[in-house]
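Just below is one structure, and these are the notes that go with it.
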Amino acid sequence: MSTRTPTHPHTAEDEGGVDFTASDGLRALLTRLHAAGPGAWSHDPVAAELMAHTAEKYEPLARKHGLDPWEAASAAFKVMITRAAREARDPWAVITHAVRITCIFEERAQGLLCSVHQARRPHVSAFHDPERFSDRENPLVDYHPAFHITDPHNHDTGDAETDSASAGSDGGGRGSDRACMSAGSAAEDAIALFTLLGWEPATARAGVEHVCGALTKTGARQAAYETLRRDKHARVLLDIPRRSWTALLRALLGNPHPAYAATSTGRGVLRRLLIGETLSVLLRDDDLILTISLAAPGHHDHGGEGS
């Protein structure tokens, strides 16, 4: 009668008493399984113990990358059946290195919503994970370079207000007349917008016309903005408080910061009118309405009184 004690499922020893948790034992086991043929992994009880031990061994690494332990074990199995693992001086080192790399790219693939094969490519893994527009406090379109584009215009300066205003003074042809009428119409609509939002008609007209005149002289919105922002003499003559004057410039010419160049905030009322937006469209812009109405001269004097 045999006195051999049966191997416990968790003793991590081969049928010959070799400990597969050590490099020599693992190498011997992998060599035996390879010699036994493809079906050995499915029917050999020691192979099952090896895989259970592998899942336990790489569980912390898998959890670190948001994976199931058996996903790491699966990656380890793909390495174990290779010649490189069987013949390595330290098979566990080879397997651990491969599993770590696989876990890293499995995590990247899940974040990038692509296959692991694609995530391993540098030109794909260089991208950041997809984000919803609502995931950030500030809208992505306000600052991301991918959205910093300008509207195509067939003008020399690239500034719609300047080109339209200057086209009216070149004295030539039907196109110049149309441009002049467009600039004049935009100015009148801007005056109407400010008047509807609580500005005195005379103040609104004086302010808008002064800005349009400065815009024609300087030739660019940003230059006009910087010139007018420091023009204390004009503000005193127009009798407009500094807070209201700054809001008027921002609303008409747009925010000069490059990050807002392709947004409604960056274009400003005059440019938005020139590129086809109507007064009714502007009146649906809540941010613009609040900016103009709260900056109306005398508004702060009334405090929080209801309308």
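Scheme for the structure tokens: letters A, B, ... for chains in order shown; per-chain residue numbers from 1; ligand numbers from 1 in order shown.
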
| Which polymer residues have any atom within 10 Å of an atom of Ser115 in chain A, counting only C-alpha atoms, with same-chain residues fewer than 6 positions away left out, as a PyMOL selection string? | chain A and resi 105-106+108-109

Restricting the output to N, CA and C atoms, write the selected residues as a PDB file, in the first residue's frame.
ATOM      1  N   PHE A 105      -1.453  48.603 -20.221  1.00  0.00           N
ATOM      2  CA  PHE A 105      -2.115  48.882 -21.486  1.00  0.00           C
ATOM      3  C   PHE A 105      -3.580  48.446 -21.482  1.00  0.00           C
ATOM      4  N   GLU A 106      -3.940  47.491 -20.631  1.00  0.00           N
ATOM      5  CA  GLU A 106      -5.362  47.161 -20.464  1.00  0.00           C
ATOM      6  C   GLU A 106      -6.095  48.366 -19.877  1.00  0.00           C
ATOM      7  N   ARG A 108      -5.109  51.538 -20.088  1.00  0.00           N
ATOM      8  CA  ARG A 108      -5.137  52.587 -21.097  1.00  0.00           C
ATOM      9  C   ARG A 108      -6.198  52.302 -22.160  1.00  0.00           C
ATOM     10  N   ALA A 109      -6.355  51.031 -22.522  1.00  0.00           N
ATOM     11  CA  ALA A 109      -7.342  50.663 -23.530  1.00  0.00           C
ATOM     12  C   ALA A 109      -8.757  50.935 -23.028  1.00  0.00           C
TER      13      ALA A 109
END

| request: Compile the contact shell of range 279-295 of chain A as an MDAnalysis selection string: residues with an atom at most 6 Å away, counting only C-alpha atoms, same-chain residues fewer than 5 positions apart removed. | output: chainID A and resid 197:198 244

Hey, can you spit out that residue selection with N, CA and C atoms as a PDB file, in the first residue's frame?
ATOM      1  N   LEU A 197     -31.805  96.643 -22.807  1.00  0.00           N
ATOM      2  CA  LEU A 197     -31.310  96.074 -21.554  1.00  0.00           C
ATOM      3  C   LEU A 197     -31.024  97.121 -20.490  1.00  0.00           C
ATOM      4  N   GLY A 198     -31.675  98.272 -20.604  1.00  0.00           N
ATOM      5  CA  GLY A 198     -31.666  99.231 -19.507  1.00  0.00           C
ATOM      6  C   GLY A 198     -30.753 100.425 -19.658  1.00  0.00           C
ATOM      7  N   SER A 244     -19.166 100.415 -16.067  1.00  0.00           N
ATOM      8  CA  SER A 244     -20.057 100.317 -17.231  1.00  0.00           C
ATOM      9  C   SER A 244     -19.260 100.401 -18.532  1.00  0.00           C
TER      10      SER A 244
END

| field | One-decimal distance in Å that lies between CA of Ala22 in chain A and CA of Pro91 in chain A | value | 8.9 Å

| request: For CA of Ala72 in chain A and CA of Arg32 in chain A, determine how far apart the two atoms are, in Å to one decimal place. | output: 22.9 Å

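In this comparison, which uses only C-alpha atoms, the residue of A:Val116, A:Ala296, A:Val94, A:Ile275 approaching Pro241 in chain A most closely is A:Ala296.
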
| request: Compare A:Met80, A:Ile101, A:Ala48, A:Ile240 by their minimum atom-to-atom distance to Leu61 in chain A, counting only C-alpha atoms, and give me the closest one. | output: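 Checking each candidate against Leu61 in chain A, we get A:Ile101 as the closest.
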
| message | Let me make sure I understand: among A:Ser264, A:Glu59, A:His34, A:Arg229, which one has the smallest atom-to-atom distance to Ile81 in chain A if we use only C-alpha atoms? | response | A:His34

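Counting from CA of Thr31 in chain A, the distance to CA of Leu67 in chain A is 29.1 Å.
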
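Every protein or nucleic acid residue with an atom no more than 12 Å from Thr82 in chain A, counting only C-alpha atoms and leaving out same-chain residues fewer than 3 positions away, appears here: Arg27, Leu30, Thr31, Leu33, His34, Ala75, Ala76, Phe77, Lys78, Val79, Ala85, Arg86, Glu87, Ala88, Pro91, Val94, Ile95 and Ala98 of chain A.
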
Restrict the selected residues to N, CA and C atoms and save them as a tab-separated table (two decimals), in the first residue's frame.
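Below you can see result.tsv, which holds the result:
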chain	number	residue	atom	x	y	z
A	27	ARG	N	10.02	26.53	-13.88
A	27	ARG	CA	10.61	26.17	-15.17
A	27	ARG	C	10.37	24.69	-15.47
A	30	LEU	N	6.60	24.17	-16.34
A	30	LEU	CA	6.27	24.67	-17.67
A	30	LEU	C	6.83	23.76	-18.76
A	31	THR	N	8.03	23.22	-18.51
A	31	THR	CA	8.63	22.31	-19.49
A	31	THR	C	7.82	21.03	-19.59
A	33	LEU	N	4.58	20.59	-18.85
A	33	LEU	CA	3.29	20.86	-19.47
A	33	LEU	C	3.43	21.05	-20.98
A	34	HIS	N	4.52	21.69	-21.39
A	34	HIS	CA	4.74	21.88	-22.83
A	34	HIS	C	4.97	20.53	-23.52
A	75	ALA	N	-3.18	37.06	-18.61
A	75	ALA	CA	-1.99	37.62	-19.25
A	75	ALA	C	-0.75	36.79	-18.89
A	76	ALA	N	-0.70	36.29	-17.64
A	76	ALA	CA	0.43	35.46	-17.22
A	76	ALA	C	0.45	34.14	-17.99
A	77	PHE	N	-0.73	33.55	-18.20
A	77	PHE	CA	-0.81	32.28	-18.93
A	77	PHE	C	-0.26	32.42	-20.34
A	78	LYS	N	-0.56	33.55	-21.00
A	78	LYS	CA	-0.07	33.76	-22.36
A	78	LYS	C	1.46	33.80	-22.41
A	79	VAL	N	2.07	34.22	-21.30
A	79	VAL	CA	3.52	34.26	-21.25
A	79	VAL	C	4.08	32.88	-20.89
A	85	ALA	N	9.55	32.03	-21.50
A	85	ALA	CA	9.32	31.76	-20.08
A	85	ALA	C	9.92	30.42	-19.67
A	86	ARG	N	9.79	29.42	-20.53
A	86	ARG	CA	10.30	28.07	-20.20
A	86	ARG	C	11.82	28.07	-20.04
A	87	GLU	N	12.50	28.86	-20.86
A	87	GLU	CA	13.95	28.82	-20.88
A	87	GLU	C	14.61	29.96	-20.12
A	88	ALA	N	13.80	30.81	-19.50
A	88	ALA	CA	14.35	31.96	-18.77
A	88	ALA	C	15.05	31.50	-17.49
A	91	PRO	N	11.89	32.59	-14.58
A	91	PRO	CA	10.59	32.66	-15.28
A	91	PRO	C	9.61	33.63	-14.64
A	94	VAL	N	10.20	37.18	-15.77
A	94	VAL	CA	9.70	37.41	-17.13
A	94	VAL	C	8.19	37.57	-17.13
A	95	ILE	N	7.51	36.69	-16.38
A	95	ILE	CA	6.04	36.73	-16.34
A	95	ILE	C	5.56	38.01	-15.67
A	98	ALA	N	5.89	41.02	-17.96
A	98	ALA	CA	4.88	41.00	-19.03
A	98	ALA	C	3.49	41.33	-18.50

| Among the residues A:Leu26, A:Ala234, A:Leu249, A:Ala192, the one that comes closest to Trp92 in chain A [using only C-alpha atoms] | A:Leu26

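Near Thr203 in chain A, within a cut-off of 12 Å and counting only C-alpha atoms, sit the residues A:Ile191, A:Ala192, A:Phe194, A:Thr195, A:Gly198, A:Val208, A:Glu209, A:His210, A:Arg235, A:Leu237, A:Leu238, A:Asp239, A:Ile240, A:Pro241, A:Ser244, A:Trp245, A:Leu248, A:Ala296, A:Pro297, A:Gly298, with same-chain residues fewer than 5 positions away left out.
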
| What lies within 12 Å of Asp44 in chain A using only C-alpha atoms, ignoring chain neighbours under 4 positions off, as a list in words? |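 Contacts, with the query itself left out: Pro9, Asp14, Glu15, Leu29, Leu30, Arg32, Leu33, His34, Ala36, Gly37, Pro38, Gly39, Ala40, Ala48, Glu49, Leu50 and Met51 of chain A.
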